[in-house]
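Worksheet: the structure to be examined is printed underneath.
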Amino acid sequence: MDNLDLSVIIDNLPFLWQGLQISLSLTALAVVGGIALGTFLALMRLSGFGPLSWVAAGYVNLIRSVPLILVIFWFYFMVPLALGRPIGSFYSALIAFVMFEAAYYSEIIRAGIQSVRKGQVHAGKAIGLSYWQIQRYVVLPQAFRNMIPILVTQAIVLFQDTSLVFVVSLRDFMTASSIVARTEGRLAEMYLFAALVYFTICFAGSIFVRRLQRAKTA
Amino acid sequence: MISIENVSKWYGDFQVLANCTSKVDKGEVVVVCGPSGSGKSTLIKCVNGLEPVQRGTITVEGTEVTAKRTNLTKLRSRIGMVFQHFELYPHMSVRENLCLGQQKVLGRSRDEANAKAEALIDRVDMLAHIEKFPGQLSGGQQQRVAISRALAMDPIAMLFDEPTSALDPEMINEVLDVMVELAQDGMTMMVVTHEMGFARKVADRVVFMDAGAIVEDRETEAFFGNPESDRAKEFLSKILNH
Ligand SMILES: Nc1ncnc2c1ncn2[C@@H]1O[C@H](COP(=O)(O)OP(=O)(O)OP(=O)(O)O)[C@@H](O)[C@H]1O
Ligand SMILES: [Mg+2]
C-alpha cells in the first residue's frame, strides 16, 4: 500500500469534478423526467380505457425486458435518425434514462396510486372535481407521500447506472476516473477513489431513505 | 327535486338494485334504511352519478343524471355528499379541505372561499381547529368538517351514507345535531342511516330497502307506527330493541 499515490487525485480534481457533475445532473434530470413520464404511464395504465392501458403496459414490459445499456445505445443511434440531426451524447443518454426509468417509476407510482383509498376519489368526484383535478389535488399528493422512500431508492440505483454512459463516450464520473487511471497509470488509486465516491453518495442516500421511512411510520 | 324511476343495476350477474322508484321533494328529508347489503349505498351513489345504472332514470332538479350527455361534474358540484368514513383529504388542513372545491370548481377567490369556510366551520364549533389536519381530529369532528365541506359548495341537496356508523357512540350526537339543524333549515336531504331517533325527529318519509328493492316508502309516522311488510317489522324490532 505504500506505493499509493494520492496526488493523482488532487491533480485531476477539476476533471473528475466535471465528470461527477455530469453523473449528478444526468441523475437529477432523469429522476424528474422519469417520474413525470412514469406518472403519465401509470395514469394511462389505470385509466380503465383498454387501448391506453395496453400501450402503457406494452411499453413498460418492453423496456423492462431489455438491458439498460441497450436502451442507451438505441437512443444514441435512433434519436439522430428520428430528428435528422445529432443531439449529442448527453441528451441522447438523458432521453434513454428518462424512457428507461419511466418504466420502473410507473410501476412504483401505479402501486402508490392504488394505495389511495377509493373513497378519496369518490369524495373528489362528489364535490365536482374533474378527473385531472382529482389526480392533481387528491390522489397524486397522497400517492407520492407514500412513495417517497422507494422513489429515492430508485434514484440511488439510477445514479449507479449512469456509469453505463461510457458506451456513448459521455464523460461521467466513472469514465473520467478511468481516463485518469489509464493516462496516469494509476489504476488502483483511481478505482478505489471512484468506489469511495459512489459509496459515499449512495450510502448517504440510503440513510436519507431510512430517515424518511422512520418519519413516515412515526 | 330528486326523482328515481324504475332504476335497476347489476354488478355482473348480481342485481344490486331492482326496479327502485322513489323521490325527494324540495326541502324534504328522506331516510333510507334496510339490512346490510340491501343496496342503500349503491342507490345513493347512483343519485349523483358515482355509480352508473343499467336501467331506469334518475333526475335531479330537471337534470337527468342517468343520461349519457349529462355533465356529471357540474351536477355533482351542486349535490353535497357525506361518507361513512368521512373521506376528508388527509394531506390538507381543515381550511384547505373546505376551500379546494370552492376555488377549483366554483372559481371563487381565495378570500371568498376562506370567508365561507370560516363561517361554516364556526357553525359546527370547529373554528379553533381550522388549521389542523384530519388526522388530528376525532371521528365526530372529522364528520362535522366533512358536512361543512359539502355545504361549502352551496348544494341544492345533500346525500348522507351512514354518516354516524363509523363513530364511537359518544360522538354520534354531535354529528346528528348538525344534521338536524340542517334539516330544520330546509335542506333537501337523502340520508342512509339506522339512527331511528333521527328519522323520527326530522324525516318526512322513510324508504326501507331489502335485497335491492324498495319494499316500503312511506310517511315517517306511518312507517314506524304500522310497517306493512314483515321484513320491515322484523328489521325495526331488531334495530329498536337492541
Ligand atoms: N363494486 C361492487 N362489485 C360487486 N358487488 C358489489 C359492489 N359494490 C357493492 N356490491 C354488492 O352490492 C350489494 C349492495 O351493496 P351496498 O353497499 O349498496 O349495500 P348497503 O345496503 O349499503 O349495505 P351496508 O349496510 O353494509 O352499507 C352488496 O351485496 C354488495 O356486496
Ligand atoms: Mg352502505
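Every chain in the C-alpha cells has a letter given in the order shown (A, B, ...), and although residue numbers restart at 1 in each chain, ligands are simply numbered from 1 in the order shown.
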
**Prompt:** Can you list, as a ChimeraX atom specification, every protein, DNA or RNA residue that comes within 12 Å of region 46-55 of chain A when you count only C-alpha atoms, leaving out same-chain residues fewer than 2 positions away?
**Reply:** /A:39-44,57-62,106-107,109-114,131-132,135

**Asked** Do you know which residues are within 10 Å of ligand 2 using only C-alpha atoms and all ligand atoms? Can you write them as a ChimeraX atom specification?
**Response** /B:33-45,83-84,161-162,165,192-193

Put those residues in a file: N, CA, C and O atoms, as a short mmCIF file (atom, residue, chain, number, x, y, z; two decimals), in the first residue's frame.
data_model
loop_
_atom_site.label_atom_id
_atom_site.label_comp_id
_atom_site.auth_asym_id
_atom_site.auth_seq_id
_atom_site.Cartn_x
_atom_site.Cartn_y
_atom_site.Cartn_z
N CYS B 33 -83.31 3.10 4.94
CA CYS B 33 -82.76 2.10 5.83
C CYS B 33 -82.99 0.71 5.26
O CYS B 33 -83.67 0.55 4.25
N GLY B 34 -82.44 -0.27 5.94
CA GLY B 34 -82.56 -1.64 5.46
C GLY B 34 -81.34 -2.43 5.86
O GLY B 34 -80.33 -1.86 6.26
N PRO B 35 -81.45 -3.77 5.78
CA PRO B 35 -80.34 -4.61 6.22
C PRO B 35 -79.07 -4.40 5.40
O PRO B 35 -79.11 -3.86 4.30
N SER B 36 -77.95 -4.84 5.96
CA SER B 36 -76.67 -4.71 5.28
C SER B 36 -76.71 -5.44 3.94
O SER B 36 -77.23 -6.54 3.83
N GLY B 37 -76.17 -4.78 2.92
CA GLY B 37 -76.13 -5.39 1.59
C GLY B 37 -77.40 -5.21 0.79
O GLY B 37 -77.53 -5.75 -0.31
N SER B 38 -78.35 -4.43 1.32
CA SER B 38 -79.62 -4.29 0.62
C SER B 38 -79.55 -3.30 -0.54
O SER B 38 -80.49 -3.17 -1.31
N GLY B 39 -78.43 -2.57 -0.65
CA GLY B 39 -78.26 -1.68 -1.80
C GLY B 39 -78.43 -0.20 -1.49
O GLY B 39 -78.50 0.62 -2.40
N LYS B 40 -78.44 0.17 -0.21
CA LYS B 40 -78.65 1.56 0.18
C LYS B 40 -77.53 2.47 -0.34
O LYS B 40 -77.80 3.50 -0.95
N SER B 41 -76.30 2.06 -0.08
CA SER B 41 -75.18 2.88 -0.54
C SER B 41 -75.18 2.99 -2.05
O SER B 41 -74.92 4.06 -2.61
N THR B 42 -75.45 1.88 -2.70
CA THR B 42 -75.46 1.89 -4.16
C THR B 42 -76.51 2.87 -4.68
O THR B 42 -76.23 3.67 -5.57
N LEU B 43 -77.68 2.83 -4.10
CA LEU B 43 -78.76 3.71 -4.56
C LEU B 43 -78.35 5.18 -4.42
O LEU B 43 -78.50 5.98 -5.34
N ILE B 44 -77.78 5.51 -3.27
CA ILE B 44 -77.45 6.91 -3.03
C ILE B 44 -76.30 7.37 -3.93
O ILE B 44 -76.26 8.51 -4.39
N LYS B 45 -75.38 6.44 -4.24
CA LYS B 45 -74.28 6.79 -5.16
C LYS B 45 -74.79 6.98 -6.58
O LYS B 45 -74.18 7.70 -7.37
N PHE B 83 -69.80 10.86 3.60
CA PHE B 83 -69.50 9.43 3.56
C PHE B 83 -69.36 8.85 4.97
O PHE B 83 -69.05 9.55 5.93
N GLN B 84 -69.53 7.54 5.00
CA GLN B 84 -69.39 6.82 6.27
C GLN B 84 -68.01 7.06 6.89
O GLN B 84 -67.88 7.31 8.08
N ASP B 161 -74.37 8.94 3.50
CA ASP B 161 -74.32 7.48 3.53
C ASP B 161 -73.80 7.02 4.89
O ASP B 161 -72.60 7.02 5.14
N GLU B 162 -74.70 6.62 5.75
CA GLU B 162 -74.36 6.17 7.11
C GLU B 162 -73.32 7.08 7.77
O GLU B 162 -72.24 6.63 8.14
N SER B 165 -72.19 5.77 11.36
CA SER B 165 -71.98 4.36 11.74
C SER B 165 -70.51 4.01 11.97
O SER B 165 -70.21 2.95 12.49
N VAL B 192 -78.97 7.80 4.33
CA VAL B 192 -78.92 6.39 4.70
C VAL B 192 -78.47 6.33 6.14
O VAL B 192 -77.38 6.80 6.48
N THR B 193 -79.30 5.80 7.01
CA THR B 193 -78.91 5.72 8.42
C THR B 193 -79.79 4.72 9.15
O THR B 193 -80.89 4.39 8.71
#

**Item:** Distance-based interface of chain A with chain B, 9 Å, counting only C-alpha atoms, as JSON, numbers by chain
**Value:** {"A": [117, 119, 120, 121, 122, 123, 124, 125, 126, 127, 128, 129, 130, 133, 137, 138, 141, 142, 145]}

Preceding selection exported with all heavy atoms as a compact mmCIF listing (two decimals), in the first residue's frame:
# COMPACT_ATOMS: atom_id res chain seq x y z
N ARG A 117 -57.13 5.33 -0.92
CA ARG A 117 -58.47 4.78 -0.78
C ARG A 117 -59.41 5.24 -1.89
O ARG A 117 -59.39 6.39 -2.29
CB ARG A 117 -59.07 5.22 0.55
CG ARG A 117 -58.40 4.68 1.78
CD ARG A 117 -58.71 5.58 2.97
NE ARG A 117 -60.14 5.85 3.07
CZ ARG A 117 -60.95 5.23 3.92
NH1 ARG A 117 -60.46 4.35 4.75
NH2 ARG A 117 -62.23 5.52 3.96
N GLY A 119 -62.47 5.76 -1.67
CA GLY A 119 -63.37 6.78 -1.15
C GLY A 119 -62.86 8.20 -1.37
O GLY A 119 -63.63 9.14 -1.49
N GLN A 120 -61.53 8.33 -1.45
CA GLN A 120 -60.95 9.66 -1.69
C GLN A 120 -61.32 10.16 -3.08
O GLN A 120 -61.59 11.34 -3.27
CB GLN A 120 -59.43 9.58 -1.55
CG GLN A 120 -58.97 9.41 -0.12
CD GLN A 120 -59.08 10.70 0.65
OE1 GLN A 120 -58.50 11.70 0.29
NE2 GLN A 120 -59.85 10.69 1.73
N VAL A 121 -61.34 9.24 -4.04
CA VAL A 121 -61.73 9.61 -5.40
C VAL A 121 -63.21 9.98 -5.42
O VAL A 121 -63.61 10.98 -6.01
CB VAL A 121 -61.45 8.45 -6.38
CG1 VAL A 121 -61.98 8.79 -7.76
CG2 VAL A 121 -59.96 8.15 -6.43
N HIS A 122 -64.01 9.17 -4.71
CA HIS A 122 -65.44 9.48 -4.62
C HIS A 122 -65.66 10.87 -4.01
O HIS A 122 -66.48 11.64 -4.49
CB HIS A 122 -66.16 8.43 -3.77
CG HIS A 122 -66.47 7.19 -4.55
ND1 HIS A 122 -66.81 6.00 -3.95
CD2 HIS A 122 -66.49 6.96 -5.88
CE1 HIS A 122 -67.03 5.10 -4.89
NE2 HIS A 122 -66.84 5.65 -6.06
N ALA A 123 -64.90 11.16 -2.95
CA ALA A 123 -65.06 12.45 -2.29
C ALA A 123 -64.70 13.59 -3.25
O ALA A 123 -65.34 14.64 -3.24
CB ALA A 123 -64.21 12.52 -1.03
N GLY A 124 -63.69 13.37 -4.06
CA GLY A 124 -63.30 14.37 -5.05
C GLY A 124 -64.38 14.55 -6.11
O GLY A 124 -64.77 15.68 -6.43
N LYS A 125 -64.88 13.43 -6.60
CA LYS A 125 -65.95 13.50 -7.61
C LYS A 125 -67.17 14.18 -7.03
O LYS A 125 -67.84 14.97 -7.71
CB LYS A 125 -66.35 12.09 -8.05
CG LYS A 125 -65.43 11.45 -9.06
CD LYS A 125 -66.04 10.12 -9.49
CE LYS A 125 -65.16 9.39 -10.48
NZ LYS A 125 -65.66 8.02 -10.72
N ALA A 126 -67.47 13.85 -5.77
CA ALA A 126 -68.71 14.34 -5.18
C ALA A 126 -68.74 15.86 -5.04
O ALA A 126 -69.82 16.44 -4.99
CB ALA A 126 -68.94 13.68 -3.81
N ILE A 127 -67.57 16.51 -4.96
CA ILE A 127 -67.63 17.98 -4.93
C ILE A 127 -67.47 18.57 -6.33
O ILE A 127 -67.34 19.78 -6.49
CB ILE A 127 -66.62 18.64 -3.96
CG1 ILE A 127 -65.19 18.22 -4.29
CG2 ILE A 127 -66.96 18.35 -2.52
CD1 ILE A 127 -64.16 19.05 -3.54
N GLY A 128 -67.43 17.70 -7.33
CA GLY A 128 -67.44 18.19 -8.71
C GLY A 128 -66.06 18.40 -9.32
O GLY A 128 -65.93 19.06 -10.35
N LEU A 129 -65.02 17.85 -8.70
CA LEU A 129 -63.70 17.96 -9.30
C LEU A 129 -63.65 17.09 -10.56
O LEU A 129 -64.26 16.03 -10.61
CB LEU A 129 -62.61 17.50 -8.32
CG LEU A 129 -62.38 18.34 -7.07
CD1 LEU A 129 -61.35 17.66 -6.17
CD2 LEU A 129 -61.90 19.74 -7.43
N SER A 130 -62.88 17.52 -11.56
CA SER A 130 -62.72 16.73 -12.78
C SER A 130 -61.69 15.62 -12.52
O SER A 130 -60.99 15.64 -11.50
CB SER A 130 -62.23 17.61 -13.91
OG SER A 130 -60.90 18.02 -13.63
N GLN A 133 -58.29 17.10 -11.97
CA GLN A 133 -58.20 17.79 -10.68
C GLN A 133 -58.10 16.79 -9.53
O GLN A 133 -57.36 17.02 -8.57
CB GLN A 133 -59.42 18.69 -10.48
CG GLN A 133 -59.39 19.93 -11.37
CD GLN A 133 -60.66 20.76 -11.25
OE1 GLN A 133 -61.75 20.20 -11.14
NE2 GLN A 133 -60.53 22.06 -11.27
N TYR A 137 -54.94 17.10 -7.18
CA TYR A 137 -55.07 17.64 -5.82
C TYR A 137 -55.33 16.58 -4.75
O TYR A 137 -55.08 16.81 -3.59
CB TYR A 137 -56.20 18.68 -5.76
CG TYR A 137 -55.96 19.86 -6.66
CD1 TYR A 137 -56.73 20.07 -7.80
CD2 TYR A 137 -54.92 20.75 -6.39
CE1 TYR A 137 -56.49 21.14 -8.64
CE2 TYR A 137 -54.67 21.82 -7.22
CZ TYR A 137 -55.45 22.02 -8.35
OH TYR A 137 -55.20 23.07 -9.17
N VAL A 138 -55.88 15.44 -5.15
CA VAL A 138 -56.28 14.46 -4.15
C VAL A 138 -55.42 13.20 -4.19
O VAL A 138 -54.82 12.81 -3.18
CB VAL A 138 -57.78 14.08 -4.32
CG1 VAL A 138 -58.18 13.03 -3.30
CG2 VAL A 138 -58.66 15.32 -4.19
N PRO A 141 -50.88 13.65 -4.63
CA PRO A 141 -50.15 14.08 -3.42
C PRO A 141 -50.09 12.99 -2.36
O PRO A 141 -49.06 12.81 -1.70
CB PRO A 141 -50.98 15.27 -2.91
CG PRO A 141 -51.71 15.77 -4.10
CD PRO A 141 -51.98 14.57 -4.95
N GLN A 142 -51.17 12.24 -2.20
CA GLN A 142 -51.17 11.16 -1.21
C GLN A 142 -50.31 10.00 -1.69
O GLN A 142 -49.58 9.39 -0.90
CB GLN A 142 -52.60 10.67 -0.96
CG GLN A 142 -53.47 11.71 -0.29
CD GLN A 142 -54.84 11.16 0.03
OE1 GLN A 142 -54.98 10.16 0.73
NE2 GLN A 142 -55.87 11.80 -0.50
N ARG A 145 -46.61 10.90 -1.36
CA ARG A 145 -46.19 10.92 0.03
C ARG A 145 -45.86 9.49 0.50
O ARG A 145 -44.86 9.26 1.17
CB ARG A 145 -47.30 11.50 0.88
CG ARG A 145 -46.91 11.68 2.31
CD ARG A 145 -47.97 12.41 3.05
NE ARG A 145 -48.07 13.80 2.60
CZ ARG A 145 -48.66 14.74 3.31
NH1 ARG A 145 -49.20 14.45 4.46
NH2 ARG A 145 -48.71 15.98 2.87

**Complete:** Restricting to only C-alpha atoms and all ligand atoms, whichever of A:Ile9, A:Lys118, A:Ser92, A:Ala195 is closest to ligand 1 is A:Lys118

**Fill in**
One decimal place gives the atom 5 (N, counted along the ligand's line) of ligand 1-CA of Val60 (chain B) separation as 25.2 Å

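Take CA of Arg123 (chain B) and CA of Gln136 (chain B): the distance between them is 19.6 Å.
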
**Fill in**
Shortest contact to Leu68 (chain A), candidates A:Thr175, A:Gln213, A:Ser163, A:Thr183, atoms counted only C-alpha atoms, goes to A:Ser163

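Closest approach to Glu28 (chain B) from the set B:Ile214, B:Ala183, B:Ala222, B:Ile156 is made by B:Ala183, with distances taken over only C-alpha atoms.
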
**In region 19-137 of chain A, DSSP helix (DSSP H, G or I) residues written as a PyMOL selection string** = chain A and resi 19-45+50-64+68-83+88-114+118-126+131-137

**Prompt:** From the set B:Ala113, B:Cys46, B:Met187, B:Ile2, which residue has the shortest atom-to-atom contact distance to ligand 1, counting only C-alpha atoms and all ligand atoms?
**Reply:** B:Cys46

**Neighbour list for Asp5 (chain A) as a PyMOL selection string, cut-off 8 Å, only C-alpha atoms, skip fewer than 3 positions in-chain** = chain A and resi 8+186+189

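Straight-line separation from atom 21 (O, counted along the ligand's line) of ligand 1 to CA of Met209 (chain B): 7.7 Å.
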
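Each of A:Phe166, A:Ser7, A:Gly33, A:Ile69 was compared to Glu184 (chain A) using only C-alpha atoms, and A:Ser7 turns out to be the nearest.
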
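Taking only C-alpha atoms, the non-local environment of Phe159 (chain A) within 9 Å (same-chain residues fewer than 2 positions away omitted) comprises Ser23, Leu24, Leu26, Thr27, Ala28, Gln154, Ala155, Ile156, Val157, Asp161, Thr162, Ser163, Tyr198 and Cys202 of chain A.
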
Would you write out those residues with C-alpha atoms, as a PDB file, in the first residue's frame?
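Output file part.pdb follows:
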ATOM      1  CA  SER A  23     -23.357  11.997 -13.389  1.00  0.00           C
ATOM      2  CA  LEU A  24     -25.313  14.043 -10.873  1.00  0.00           C
ATOM      3  CA  LEU A  26     -27.965  13.186 -15.515  1.00  0.00           C
ATOM      4  CA  THR A  27     -29.395  11.523 -12.415  1.00  0.00           C
ATOM      5  CA  ALA A  28     -31.364  14.551 -11.301  1.00  0.00           C
ATOM      6  CA  GLN A 154     -34.745   4.046  -7.261  1.00  0.00           C
ATOM      7  CA  ALA A 155     -32.815   7.292  -7.762  1.00  0.00           C
ATOM      8  CA  ILE A 156     -29.801   5.770  -5.987  1.00  0.00           C
ATOM      9  CA  VAL A 157     -29.865   2.815  -8.365  1.00  0.00           C
ATOM     10  CA  ASP A 161     -26.494   3.134 -13.586  1.00  0.00           C
ATOM     11  CA  THR A 162     -25.334   6.425 -15.061  1.00  0.00           C
ATOM     12  CA  SER A 163     -21.869   4.850 -15.137  1.00  0.00           C
ATOM     13  CA  TYR A 198     -20.066   6.211  -5.293  1.00  0.00           C
ATOM     14  CA  CYS A 202     -25.287   6.191  -2.274  1.00  0.00           C
TER      15      CYS A 202
END

**Request:** Just the residues within 9 Å of Trp17 (chain A), please, counting only C-alpha atoms, with nothing from its chain fewer than 4 positions along; format it as a PyMOL selection string.
**Result:** chain A and resi 12-13+21-22+173+176

Export of the given selection (N, CA and C atoms) as a short mmCIF file (atom, residue, chain, number, x, y, z; two decimals), in the first residue's frame:
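See selection.cif below for the written result:
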data_model
loop_
_atom_site.label_atom_id
_atom_site.label_comp_id
_atom_site.auth_asym_id
_atom_site.auth_seq_id
_atom_site.Cartn_x
_atom_site.Cartn_y
_atom_site.Cartn_z
N ASN A 12 -6.00 15.87 -10.62
CA ASN A 12 -7.06 15.76 -11.64
C ASN A 12 -8.44 16.11 -11.13
N LEU A 13 -8.47 16.74 -9.96
CA LEU A 13 -9.76 17.02 -9.32
C LEU A 13 -10.73 17.81 -10.21
N GLN A 21 -20.24 16.06 -12.04
CA GLN A 21 -21.37 16.94 -12.35
C GLN A 21 -22.26 16.33 -13.43
N ILE A 22 -21.61 15.70 -14.41
CA ILE A 22 -22.41 15.04 -15.47
C ILE A 22 -23.25 13.92 -14.86
N PHE A 173 -18.62 10.58 -14.22
CA PHE A 173 -17.59 10.43 -13.20
C PHE A 173 -16.78 9.15 -13.38
N ALA A 176 -14.52 9.49 -16.41
CA ALA A 176 -13.43 10.42 -16.09
C ALA A 176 -12.37 9.72 -15.22
#

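The shortest atom-to-atom distance to ligand 1, with only C-alpha atoms and all ligand atoms taken into account, belongs to B:Ala166 out of B:Ile4, B:Ala166, B:Ala203, B:Val180.
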
Find the residues around Val206 (chain B) up to 7 Å (only C-alpha atoms counted), leave out those fewer than 5 positions away in its own chain, and share them as a PDB file with all heavy atoms, in the first residue's frame.
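Below is the file selection_26.pdb, written as the result:
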ATOM      1  N   VAL B  30     -85.544  12.482   3.510  1.00  0.00           N
ATOM      2  CA  VAL B  30     -85.933  11.082   3.338  1.00  0.00           C
ATOM      3  C   VAL B  30     -84.837  10.204   3.932  1.00  0.00           C
ATOM      4  O   VAL B  30     -83.658  10.364   3.609  1.00  0.00           O
ATOM      5  CB  VAL B  30     -86.154  10.747   1.851  1.00  0.00           C
ATOM      6  CG1 VAL B  30     -86.330   9.247   1.660  1.00  0.00           C
ATOM      7  CG2 VAL B  30     -87.375  11.493   1.320  1.00  0.00           C
ATOM      8  N   VAL B  31     -85.228   9.309   4.827  1.00  0.00           N
ATOM      9  CA  VAL B  31     -84.272   8.380   5.423  1.00  0.00           C
ATOM     10  C   VAL B  31     -84.384   7.047   4.700  1.00  0.00           C
ATOM     11  O   VAL B  31     -85.484   6.561   4.446  1.00  0.00           O
ATOM     12  CB  VAL B  31     -84.541   8.219   6.933  1.00  0.00           C
ATOM     13  CG1 VAL B  31     -83.944   6.919   7.461  1.00  0.00           C
ATOM     14  CG2 VAL B  31     -83.956   9.410   7.688  1.00  0.00           C
ATOM     15  N   VAL B  32     -83.215   6.492   4.347  1.00  0.00           N
ATOM     16  CA  VAL B  32     -83.186   5.189   3.694  1.00  0.00           C
ATOM     17  C   VAL B  32     -82.595   4.196   4.677  1.00  0.00           C
ATOM     18  O   VAL B  32     -81.507   4.427   5.214  1.00  0.00           O
ATOM     19  CB  VAL B  32     -82.333   5.226   2.408  1.00  0.00           C
ATOM     20  CG1 VAL B  32     -82.320   3.862   1.723  1.00  0.00           C
ATOM     21  CG2 VAL B  32     -82.830   6.302   1.458  1.00  0.00           C
ATOM     22  N   ASP B 217     -92.028   2.727   1.242  1.00  0.00           N
ATOM     23  CA  ASP B 217     -91.677   4.127   1.042  1.00  0.00           C
ATOM     24  C   ASP B 217     -92.860   4.923   1.569  1.00  0.00           C
ATOM     25  O   ASP B 217     -93.830   5.141   0.871  1.00  0.00           O
ATOM     26  CB  ASP B 217     -91.439   4.390  -0.452  1.00  0.00           C
ATOM     27  CG  ASP B 217     -91.050   5.846  -0.715  1.00  0.00           C
ATOM     28  OD1 ASP B 217     -91.145   6.671   0.214  1.00  0.00           O
ATOM     29  OD2 ASP B 217     -90.655   6.143  -1.858  1.00  0.00           O
ATOM     30  N   ARG B 218     -92.782   5.313   2.861  1.00  0.00           N
ATOM     31  CA  ARG B 218     -93.985   5.880   3.491  1.00  0.00           C
ATOM     32  C   ARG B 218     -93.650   7.044   4.402  1.00  0.00           C
ATOM     33  O   ARG B 218     -92.505   7.235   4.805  1.00  0.00           O
ATOM     34  CB  ARG B 218     -94.685   4.771   4.281  1.00  0.00           C
ATOM     35  CG  ARG B 218     -94.991   3.578   3.401  1.00  0.00           C
ATOM     36  CD  ARG B 218     -95.559   2.433   4.179  1.00  0.00           C
ATOM     37  NE  ARG B 218     -96.727   2.821   4.938  1.00  0.00           N
ATOM     38  CZ  ARG B 218     -97.118   2.206   6.041  1.00  0.00           C
ATOM     39  NH1 ARG B 218     -96.422   1.191   6.505  1.00  0.00           N
ATOM     40  NH2 ARG B 218     -98.192   2.604   6.674  1.00  0.00           N
ATOM     41  N   GLU B 219     -94.674   7.755   4.763  1.00  0.00           N
ATOM     42  CA  GLU B 219     -94.541   8.838   5.736  1.00  0.00           C
ATOM     43  C   GLU B 219     -93.928   8.249   7.012  1.00  0.00           C
ATOM     44  O   GLU B 219     -94.218   7.109   7.383  1.00  0.00           O
ATOM     45  CB  GLU B 219     -95.923   9.380   6.098  1.00  0.00           C
ATOM     46  CG  GLU B 219     -96.789   9.694   4.898  1.00  0.00           C
ATOM     47  CD  GLU B 219     -96.731  11.148   4.525  1.00  0.00           C
ATOM     48  OE1 GLU B 219     -97.186  11.971   5.337  1.00  0.00           O
ATOM     49  OE2 GLU B 219     -96.208  11.464   3.441  1.00  0.00           O
ATOM     50  N   THR B 220     -93.123   9.053   7.681  1.00  0.00           N
ATOM     51  CA  THR B 220     -92.378   8.544   8.826  1.00  0.00           C
ATOM     52  C   THR B 220     -93.279   7.921   9.897  1.00  0.00           C
ATOM     53  O   THR B 220     -93.041   6.800  10.349  1.00  0.00           O
ATOM     54  CB  THR B 220     -91.557   9.683   9.457  1.00  0.00           C
ATOM     55  OG1 THR B 220     -90.779  10.279   8.422  1.00  0.00           O
ATOM     56  CG2 THR B 220     -90.663   9.176  10.545  1.00  0.00           C
ATOM     57  N   PHE B 223     -94.684   4.659   8.844  1.00  0.00           N
ATOM     58  CA  PHE B 223     -93.677   3.599   8.788  1.00  0.00           C
ATOM     59  C   PHE B 223     -93.408   3.033  10.175  1.00  0.00           C
ATOM     60  O   PHE B 223     -93.400   1.820  10.384  1.00  0.00           O
ATOM     61  CB  PHE B 223     -92.380   4.117   8.169  1.00  0.00           C
ATOM     62  CG  PHE B 223     -91.284   3.094   8.138  1.00  0.00           C
ATOM     63  CD1 PHE B 223     -91.282   2.086   7.186  1.00  0.00           C
ATOM     64  CD2 PHE B 223     -90.264   3.119   9.076  1.00  0.00           C
ATOM     65  CE1 PHE B 223     -90.288   1.117   7.168  1.00  0.00           C
ATOM     66  CE2 PHE B 223     -89.259   2.161   9.059  1.00  0.00           C
ATOM     67  CZ  PHE B 223     -89.267   1.160   8.105  1.00  0.00           C
TER      68      PHE B 223
END

**Message:** I'd like the contact shell of region 70-86 of chain A - 9 Å cut-off, only C-alpha atoms, skipping same-chain residues fewer than 2 positions apart - returned as a list in words.
**Reply:** Ile63, Val66, Pro67, Leu68, Gly88, Ser89, Tyr91, Ser92, Ala93, Leu94, Ile95, Ala96, Phe97, Met99, Phe100, Leu164, Val165, Val167 and Val168 of chain A
